[in-house]
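See below for final-v7.cif, which holds mmCIF, C-alpha atoms.
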data_run
loop_
_atom_site.label_atom_id
_atom_site.label_comp_id
_atom_site.auth_asym_id
_atom_site.auth_seq_id
_atom_site.Cartn_x
_atom_site.Cartn_y
_atom_site.Cartn_z
CA GLN A 1 10.66 -23.96 0.05
CA VAL A 2 9.00 -20.55 -0.04
CA VAL A 3 9.41 -17.45 2.08
CA VAL A 4 6.21 -16.43 3.86
CA LEU A 5 5.93 -12.75 4.83
CA TYR A 6 3.50 -11.57 7.50
CA PHE A 7 2.15 -8.01 7.73
CA ALA A 8 -0.03 -5.97 10.06
CA ARG A 9 -2.59 -8.07 11.92
CA SER A 10 -1.28 -11.32 10.44
CA ALA A 11 2.20 -10.57 11.82
CA GLU A 12 0.70 -9.96 15.27
CA LEU A 13 -1.25 -13.23 15.17
CA ALA A 14 1.62 -15.31 13.83
CA GLY A 15 4.16 -13.64 16.10
CA LEU A 16 6.72 -13.15 13.38
CA ARG A 17 7.36 -11.27 10.15
CA SER A 18 8.86 -13.94 7.91
CA GLU A 19 9.85 -17.57 7.75
CA THR A 20 10.70 -20.27 5.24
CA ILE A 21 8.29 -23.16 4.87
CA SER A 22 8.19 -26.25 2.69
CA VAL A 23 5.17 -26.74 0.48
CA PRO A 24 4.44 -28.73 -2.69
CA ARG A 25 5.52 -27.05 -5.92
CA GLN A 26 1.91 -27.02 -7.10
CA ILE A 27 -0.77 -26.17 -4.56
CA THR A 28 -4.01 -24.23 -4.56
CA SER A 29 -4.03 -20.90 -2.74
CA LEU A 30 -6.55 -22.28 -0.24
CA GLN A 31 -4.35 -25.31 0.45
CA LEU A 32 -1.39 -23.00 0.97
CA TRP A 33 -3.42 -21.00 3.50
CA GLU A 34 -4.32 -24.21 5.32
CA GLU A 35 -0.65 -25.23 5.50
CA ILE A 36 0.21 -21.88 7.05
CA VAL A 37 -2.67 -22.09 9.56
CA LYS A 38 -1.38 -25.51 10.68
CA ILE A 39 1.82 -23.76 11.74
CA HIS A 40 0.07 -20.67 13.17
CA PRO A 41 -3.49 -21.62 14.22
CA ARG A 42 -4.23 -18.10 15.48
CA LEU A 43 -4.31 -16.94 11.87
CA ALA A 44 -7.59 -18.79 11.32
CA VAL A 45 -9.61 -15.82 12.57
CA ILE A 46 -8.59 -13.62 9.63
CA ARG A 47 -9.18 -16.17 6.87
CA ASP A 48 -12.08 -14.23 5.33
CA GLN A 49 -10.18 -10.99 5.20
CA VAL A 50 -6.85 -11.82 3.65
CA VAL A 51 -5.42 -12.38 0.23
CA PHE A 52 -1.98 -13.59 -0.76
CA ALA A 53 0.65 -11.81 -2.80
CA VAL A 54 2.64 -14.49 -4.60
CA GLN A 55 5.76 -13.01 -6.16
CA GLN A 56 4.05 -9.66 -5.67
CA GLU A 57 0.85 -10.53 -7.53
CA TYR A 58 -2.40 -10.62 -5.56
CA VAL A 59 -4.07 -14.04 -5.32
CA LEU A 60 -7.41 -14.73 -3.66
CA LEU A 61 -7.73 -17.70 -1.30
CA GLY A 62 -9.44 -20.36 -3.38
CA ASP A 63 -8.97 -22.92 -6.09
CA GLN A 64 -6.34 -21.04 -8.03
CA LEU A 65 -3.44 -23.37 -8.66
CA LEU A 66 -0.10 -21.85 -7.77
CA VAL A 67 3.14 -22.98 -9.36
CA LEU A 68 5.81 -22.20 -6.79
CA HIS A 69 9.58 -22.08 -7.21
CA PRO A 70 12.23 -22.31 -4.47
CA GLY A 71 12.67 -18.94 -2.82
CA ASP A 72 9.36 -17.49 -4.05
CA GLU A 73 7.84 -14.87 -1.76
CA VAL A 74 4.32 -15.43 -0.48
CA ALA A 75 2.92 -12.55 1.56
CA ILE A 76 -0.20 -12.60 3.70
CA ILE A 77 -2.07 -9.39 2.92
CA PRO A 78 -4.72 -8.22 5.44
CA PRO A 79 -7.08 -5.42 4.33
CA ILE A 80 -4.91 -2.48 3.28
CA SER A 81 -5.09 1.05 4.60
CA GLY A 82 -2.52 3.16 2.82
CA GLY A 83 -2.96 6.80 1.99
CA MET B 1 20.09 23.34 -17.19
CA ASP B 2 19.32 21.45 -20.39
CA GLU B 3 15.57 21.86 -20.94
CA SER B 4 15.39 19.15 -23.56
CA GLU B 5 16.14 16.70 -20.73
CA ASP B 6 12.66 17.21 -19.25
CA VAL B 7 11.52 13.62 -19.85
CA PRO B 8 8.48 12.49 -17.85
CA LYS B 9 9.53 10.99 -14.53
CA ASP B 10 7.93 9.14 -11.63
CA PHE B 11 9.23 9.94 -8.16
CA ILE B 12 8.23 7.27 -5.66
CA LYS B 13 9.45 7.23 -2.09
CA LEU B 14 8.47 5.41 1.09
CA LYS B 15 10.26 6.90 4.08
CA SER B 16 9.99 7.31 7.82
CA GLU B 17 11.06 10.96 7.95
CA LYS B 18 8.60 13.84 7.84
CA LEU B 19 7.26 14.50 4.34
CA SER B 20 7.78 17.86 2.68
CA VAL B 21 5.16 19.46 0.47
CA GLU B 22 7.76 21.82 -0.94
CA GLU B 23 10.12 18.98 -1.82
CA VAL B 24 7.42 16.91 -3.52
CA SER B 25 5.98 19.78 -5.56
CA GLU B 26 9.45 20.85 -6.66
CA LEU B 27 10.06 17.35 -8.01
CA VAL B 28 7.25 17.70 -10.54
CA VAL B 29 7.60 21.34 -11.54
CA SER B 30 8.43 21.71 -15.23
CA PRO B 31 8.85 24.65 -17.56
CA TYR B 32 6.44 22.90 -19.97
CA CYS B 33 3.67 22.69 -17.37
CA GLY B 34 1.22 25.32 -16.28
CA ALA B 35 -0.28 23.18 -13.56
CA VAL B 36 0.92 21.26 -10.52
CA SER B 37 -1.84 19.52 -8.55
CA LEU B 38 -1.27 18.20 -5.05
CA PHE B 39 -2.97 15.89 -2.57
CA ILE B 40 -1.87 15.71 1.05
CA GLY B 41 -3.26 13.00 3.33
CA THR B 42 -3.03 14.10 6.96
CA THR B 43 -3.67 12.42 10.28
CA ARG B 44 -6.98 13.14 11.99
CA ASN B 45 -7.13 13.30 15.78
CA ASN B 46 -10.34 11.35 16.24
CA PHE B 47 -12.21 8.29 15.06
CA GLU B 48 -15.75 7.36 16.25
CA GLY B 49 -15.41 9.42 19.39
CA LYS B 50 -12.01 8.00 20.31
CA LYS B 51 -9.00 10.23 20.56
CA VAL B 52 -6.25 9.22 18.13
CA ILE B 53 -2.82 9.63 19.66
CA HIS B 54 -0.86 8.92 16.46
CA LEU B 55 -0.75 6.59 13.46
CA GLU B 56 1.72 3.86 12.58
CA TYR B 57 2.23 2.72 9.01
CA GLU B 58 3.93 -0.40 7.70
CA ALA B 59 4.40 -1.58 4.14
CA TYR B 60 5.36 -4.52 1.96
CA THR B 61 7.90 -2.10 0.59
CA SER B 62 9.05 -3.77 -2.60
CA MET B 63 5.52 -4.59 -3.72
CA ALA B 64 4.20 -1.18 -2.65
CA GLU B 65 6.74 0.54 -4.87
CA THR B 66 5.84 -1.77 -7.77
CA GLU B 67 2.12 -1.11 -7.31
CA ILE B 68 2.71 2.65 -7.19
CA LYS B 69 4.75 2.38 -10.40
CA LYS B 70 1.75 0.62 -11.99
CA ILE B 71 -0.46 3.50 -10.89
CA CYS B 72 1.95 5.98 -12.52
CA ARG B 73 1.89 3.93 -15.72
CA ASP B 74 -1.92 3.94 -15.70
CA VAL B 75 -1.93 7.69 -15.14
CA ARG B 76 0.20 8.23 -18.23
CA GLN B 77 -2.05 6.00 -20.32
CA LYS B 78 -5.19 7.82 -19.22
CA TRP B 79 -3.72 11.34 -19.30
CA PRO B 80 -0.87 11.33 -21.82
CA SER B 81 -0.12 15.00 -21.29
CA VAL B 82 0.88 14.42 -17.65
CA LYS B 83 4.53 15.28 -17.18
CA HIS B 84 5.84 14.21 -13.77
CA VAL B 85 4.23 12.21 -10.97
CA ALA B 86 5.50 12.11 -7.39
CA VAL B 87 4.14 9.87 -4.64
CA HIS B 88 5.73 10.07 -1.19
CA HIS B 89 4.29 7.92 1.60
CA ARG B 90 5.46 7.99 5.18
CA LEU B 91 6.11 4.82 7.14
CA GLY B 92 6.42 4.28 10.88
CA LEU B 93 5.00 6.72 13.40
CA VAL B 94 3.06 9.75 12.06
CA PRO B 95 1.89 12.36 14.60
CA ILE B 96 -1.51 14.11 14.34
CA THR B 97 -1.80 16.73 11.55
CA GLU B 98 1.40 15.57 9.85
CA ALA B 99 1.21 14.22 6.32
CA SER B 100 1.04 10.48 5.67
CA VAL B 101 1.04 10.81 1.92
CA ILE B 102 1.75 13.53 -0.63
CA ILE B 103 0.94 13.12 -4.32
CA ALA B 104 1.93 15.73 -6.92
CA VAL B 105 1.29 15.69 -10.67
CA SER B 106 2.28 18.24 -13.29
CA SER B 107 0.67 18.78 -16.68
CA PRO B 108 0.49 21.60 -19.24
CA HIS B 109 -3.12 22.42 -18.29
CA ARG B 110 -4.89 21.89 -15.00
CA ALA B 111 -7.64 19.38 -15.88
CA GLU B 112 -5.28 16.43 -16.37
CA SER B 113 -3.19 16.93 -13.26
CA LEU B 114 -6.27 17.40 -11.07
CA GLU B 115 -7.85 14.21 -12.38
CA ALA B 116 -4.59 12.29 -12.21
CA VAL B 117 -4.02 13.19 -8.54
CA ARG B 118 -7.53 12.01 -7.68
CA TYR B 119 -6.96 8.77 -9.54
CA CYS B 120 -3.61 8.22 -7.78
CA ILE B 121 -4.93 8.51 -4.25
CA ASN B 122 -8.08 6.49 -4.96
CA THR B 123 -6.12 3.69 -6.61
CA LEU B 124 -3.41 3.76 -3.96
CA LYS B 125 -6.05 3.14 -1.31
CA ALA B 126 -7.38 0.17 -3.28
CA SER B 127 -4.20 -1.58 -4.32
CA VAL B 128 -0.97 -0.60 -2.56
CA PRO B 129 0.13 -2.93 0.30
CA ILE B 130 0.48 -0.37 3.07
CA TRP B 131 -1.24 -0.72 6.47
CA LYS B 132 -2.24 1.92 9.01
CA LYS B 133 -2.65 1.32 12.72
CA GLU B 134 -4.55 3.97 14.69
CA ILE B 135 -3.29 4.26 18.26
CA TYR B 136 -5.92 5.45 20.77
CA GLU B 137 -5.53 6.16 24.45
CA ASP B 138 -5.96 2.58 25.61
CA GLU B 139 -6.24 0.44 22.48
CA TYR B 140 -5.36 0.38 18.80
CA SER B 141 -6.99 -0.63 15.54
CA TRP B 142 -5.72 -1.78 12.16
CA LYS B 143 -7.67 0.29 9.66
CA GLU B 144 -9.25 -1.07 6.47
CA ASN B 145 -9.81 1.09 3.41
CA LYS B 146 -13.32 0.78 2.01
CA GLU B 147 -11.65 0.61 -1.40
CA CYS B 148 -10.00 -2.69 -0.41
CA PHE B 149 -12.03 -5.39 -2.13
CA TRP B 150 -11.00 -8.20 0.21
CA ALA B 151 -11.86 -6.39 3.46
CA ASN B 152 -14.74 -7.75 5.51
CA SER B 153 -16.81 -4.63 5.86
CA GLU B 154 -19.20 -6.11 8.40
CA LYS B 155 -16.55 -6.05 11.11
#

Could I get this structure in the form of structure tokens?
Amino acid sequence: QVVVLYFARSAELAGLRSETISVPRQITSLQLWEEIVKIHPRLAVIRDQVVFAVQQEYVLLGDQLLVLHPGDEVAIIPPISGG
Amino acid sequence: MDESEDVPKDFIKLKSEKLSVEEVSELVVSPYCGAVSLFIGTTRNNFEGKKVIHLEYEAYTSMAETEIKKICRDVRQKWPSVKHVAVHHRLGLVPITEASVIIAVSSPHRAESLEAVRYCINTLKASVPIWKKEIYEDEYSWKENKECFWANSEK
């Protein structure tokens, strides 16, 4: 079970800021995205513009294998605009 | 005041209250430094012909602070003479002409602090999870920094 955090446009599309979901301990970042889109289909439109932050490290959507632990934070990171 | 206590410090703050240039520059002032360089990011009132009413910022706060700490660490590796670094970023609603971000760096001589400030703001725009929403008269837009490598720039 991981905690998914939504920010900016992704929070607007998903309609919430955080939730706990159940995913396999080992999963590619793309598979993780697909699991999240199953729950919130409106997120599909931003697929090409987001990255994840898994335990506060950026991860591109792709074949990278993630090793997740219970309570890990996974954040959806739309294009940033700080400063 | 014990001057031998002037160890290099990073001052990082994300807050919703109005930022103060005086407060941030005073954080980095040091008797060992002849230079304090500052960058202030302010809110423009227009974008592509549309009138901007105000900005709203949100952040992944814990990660943003960690990423800013990494920037400070990089600054000290690149410019070892840098003394103090302060980065204050505002969150929530920011009215036109008010500051969204203030960065201050002190160093014994001016070259290092000037370069370090530039590096800080450029790297912040590329790597710190903070988002800006521009509010216009009848719509809004989530902005995307051109420094952000995962942004779809054709949008």

Distance cut-off 9 Å, counting only C-alpha atoms - which residues of chain A neighbour chain B? Return them as a list of chain:residue names.
A:Leu5, A:Phe7, A:Ala8, A:Arg9, A:Asp48, A:Gln49, A:Val50, A:Val51, A:Ala53, A:Gln55, A:Gln56, A:Glu57, A:Leu60, A:Ala75, A:Ile77, A:Pro78, A:Pro79, A:Ile80, A:Ser81, A:Gly82, A:Gly83

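Among the candidates A:Glu12, A:Glu19, A:Glu73, A:Glu34, the one nearest to Leu61 of chain A when counting all atoms listed in the file is A:Glu34.
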
Starting from the displayed file, determine the output of the PyMOL selection byres ((chain A and resi 14) around 7) and express the residue list as a tab-separated table (two decimals) with C-alpha atoms, keeping the file's coordinate frame.
chain	number	residue	atom	x	y	z
A	10	SER	CA	-1.28	-11.32	10.44
A	11	ALA	CA	2.20	-10.57	11.82
A	12	GLU	CA	0.70	-9.96	15.27
A	13	LEU	CA	-1.25	-13.23	15.17
A	15	GLY	CA	4.16	-13.64	16.10
A	16	LEU	CA	6.72	-13.15	13.38
A	40	HIS	CA	0.07	-20.67	13.17
A	42	ARG	CA	-4.23	-18.10	15.48
A	43	LEU	CA	-4.31	-16.94	11.87

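The residues caught by the PyMOL selection byres ((chain A and resi 63-69) around 7) in this file are Arg25, Gln26, Ile27, Thr28, Ser29, Leu30, Gly62, Pro70, Gly71 and Asp72 of chain A.
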
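Atom CA of Ser18 of chain A sits 23.4 Å away from atom CA of Glu134 of chain B.
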
Polymer residues at most 6 Å from Ile96 of chain B, all atoms listed in the file, same-chain spacing of 4 or more positions, as a ChimeraX atom specification
/B:43,45,54

Between atom CA of Val105 of chain B and atom CA of Asp10 of chain B, what is the spacing in Å?
9.4 Å

Neighbour residues at most 12 Å from (1.8, 4.3, -15.9) (only C-alpha atoms) as a ChimeraX atom specification
/B:8-10,66-80,82-85,116,119-120

Can you write out the residues you just picked, keeping C-alpha atoms, as a PDB file, in the coordinates of the input?
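Result file follows (result17.pdb):
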ATOM      1  CA  PRO B   8       8.480  12.490 -17.850  1.00  0.00           C
ATOM      2  CA  LYS B   9       9.530  10.990 -14.530  1.00  0.00           C
ATOM      3  CA  ASP B  10       7.930   9.140 -11.630  1.00  0.00           C
ATOM      4  CA  THR B  66       5.840  -1.770  -7.770  1.00  0.00           C
ATOM      5  CA  GLU B  67       2.120  -1.110  -7.310  1.00  0.00           C
ATOM      6  CA  ILE B  68       2.710   2.650  -7.190  1.00  0.00           C
ATOM      7  CA  LYS B  69       4.750   2.380 -10.400  1.00  0.00           C
ATOM      8  CA  LYS B  70       1.750   0.620 -11.990  1.00  0.00           C
ATOM      9  CA  ILE B  71      -0.460   3.500 -10.890  1.00  0.00           C
ATOM     10  CA  CYS B  72       1.950   5.980 -12.520  1.00  0.00           C
ATOM     11  CA  ARG B  73       1.890   3.930 -15.720  1.00  0.00           C
ATOM     12  CA  ASP B  74      -1.920   3.940 -15.700  1.00  0.00           C
ATOM     13  CA  VAL B  75      -1.930   7.690 -15.140  1.00  0.00           C
ATOM     14  CA  ARG B  76       0.200   8.230 -18.230  1.00  0.00           C
ATOM     15  CA  GLN B  77      -2.050   6.000 -20.320  1.00  0.00           C
ATOM     16  CA  LYS B  78      -5.190   7.820 -19.220  1.00  0.00           C
ATOM     17  CA  TRP B  79      -3.720  11.340 -19.300  1.00  0.00           C
ATOM     18  CA  PRO B  80      -0.870  11.330 -21.820  1.00  0.00           C
ATOM     19  CA  VAL B  82       0.880  14.420 -17.650  1.00  0.00           C
ATOM     20  CA  LYS B  83       4.530  15.280 -17.180  1.00  0.00           C
ATOM     21  CA  HIS B  84       5.840  14.210 -13.770  1.00  0.00           C
ATOM     22  CA  VAL B  85       4.230  12.210 -10.970  1.00  0.00           C
ATOM     23  CA  ALA B 116      -4.590  12.290 -12.210  1.00  0.00           C
ATOM     24  CA  TYR B 119      -6.960   8.770  -9.540  1.00  0.00           C
ATOM     25  CA  CYS B 120      -3.610   8.220  -7.780  1.00  0.00           C
TER      26      CYS B 120
END

Using the chain letters and numbers from the file, which residues does the PyMOL selection byres ((chain B and resi 108) around 10) grab, as a ChimeraX atom specification?
/B:30-36,81-83,106-107,109-113

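Atom pair atom CA of Val94 of chain B / atom CA of Val54 of chain A has a distance of 29.4 Å (rounded to one decimal).
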
Among the residues A:Glu35, A:Val23, A:Val74, A:Arg17, the one that comes closest to Val59 of chain A [using all atoms listed in the file]
A:Val74

Kindly compute an axis-aligned box around the listed atoms of segment 52-69 of chain B, allowing 5 Å on each side, and express its centre and edge lengths in Å to one decimal as AutoDock Vina command-line options.
--center_x 1.4 --center_y 2.5 --center_z 4.6 --size_x 25.3 --size_y 24.2 --size_z 40.1
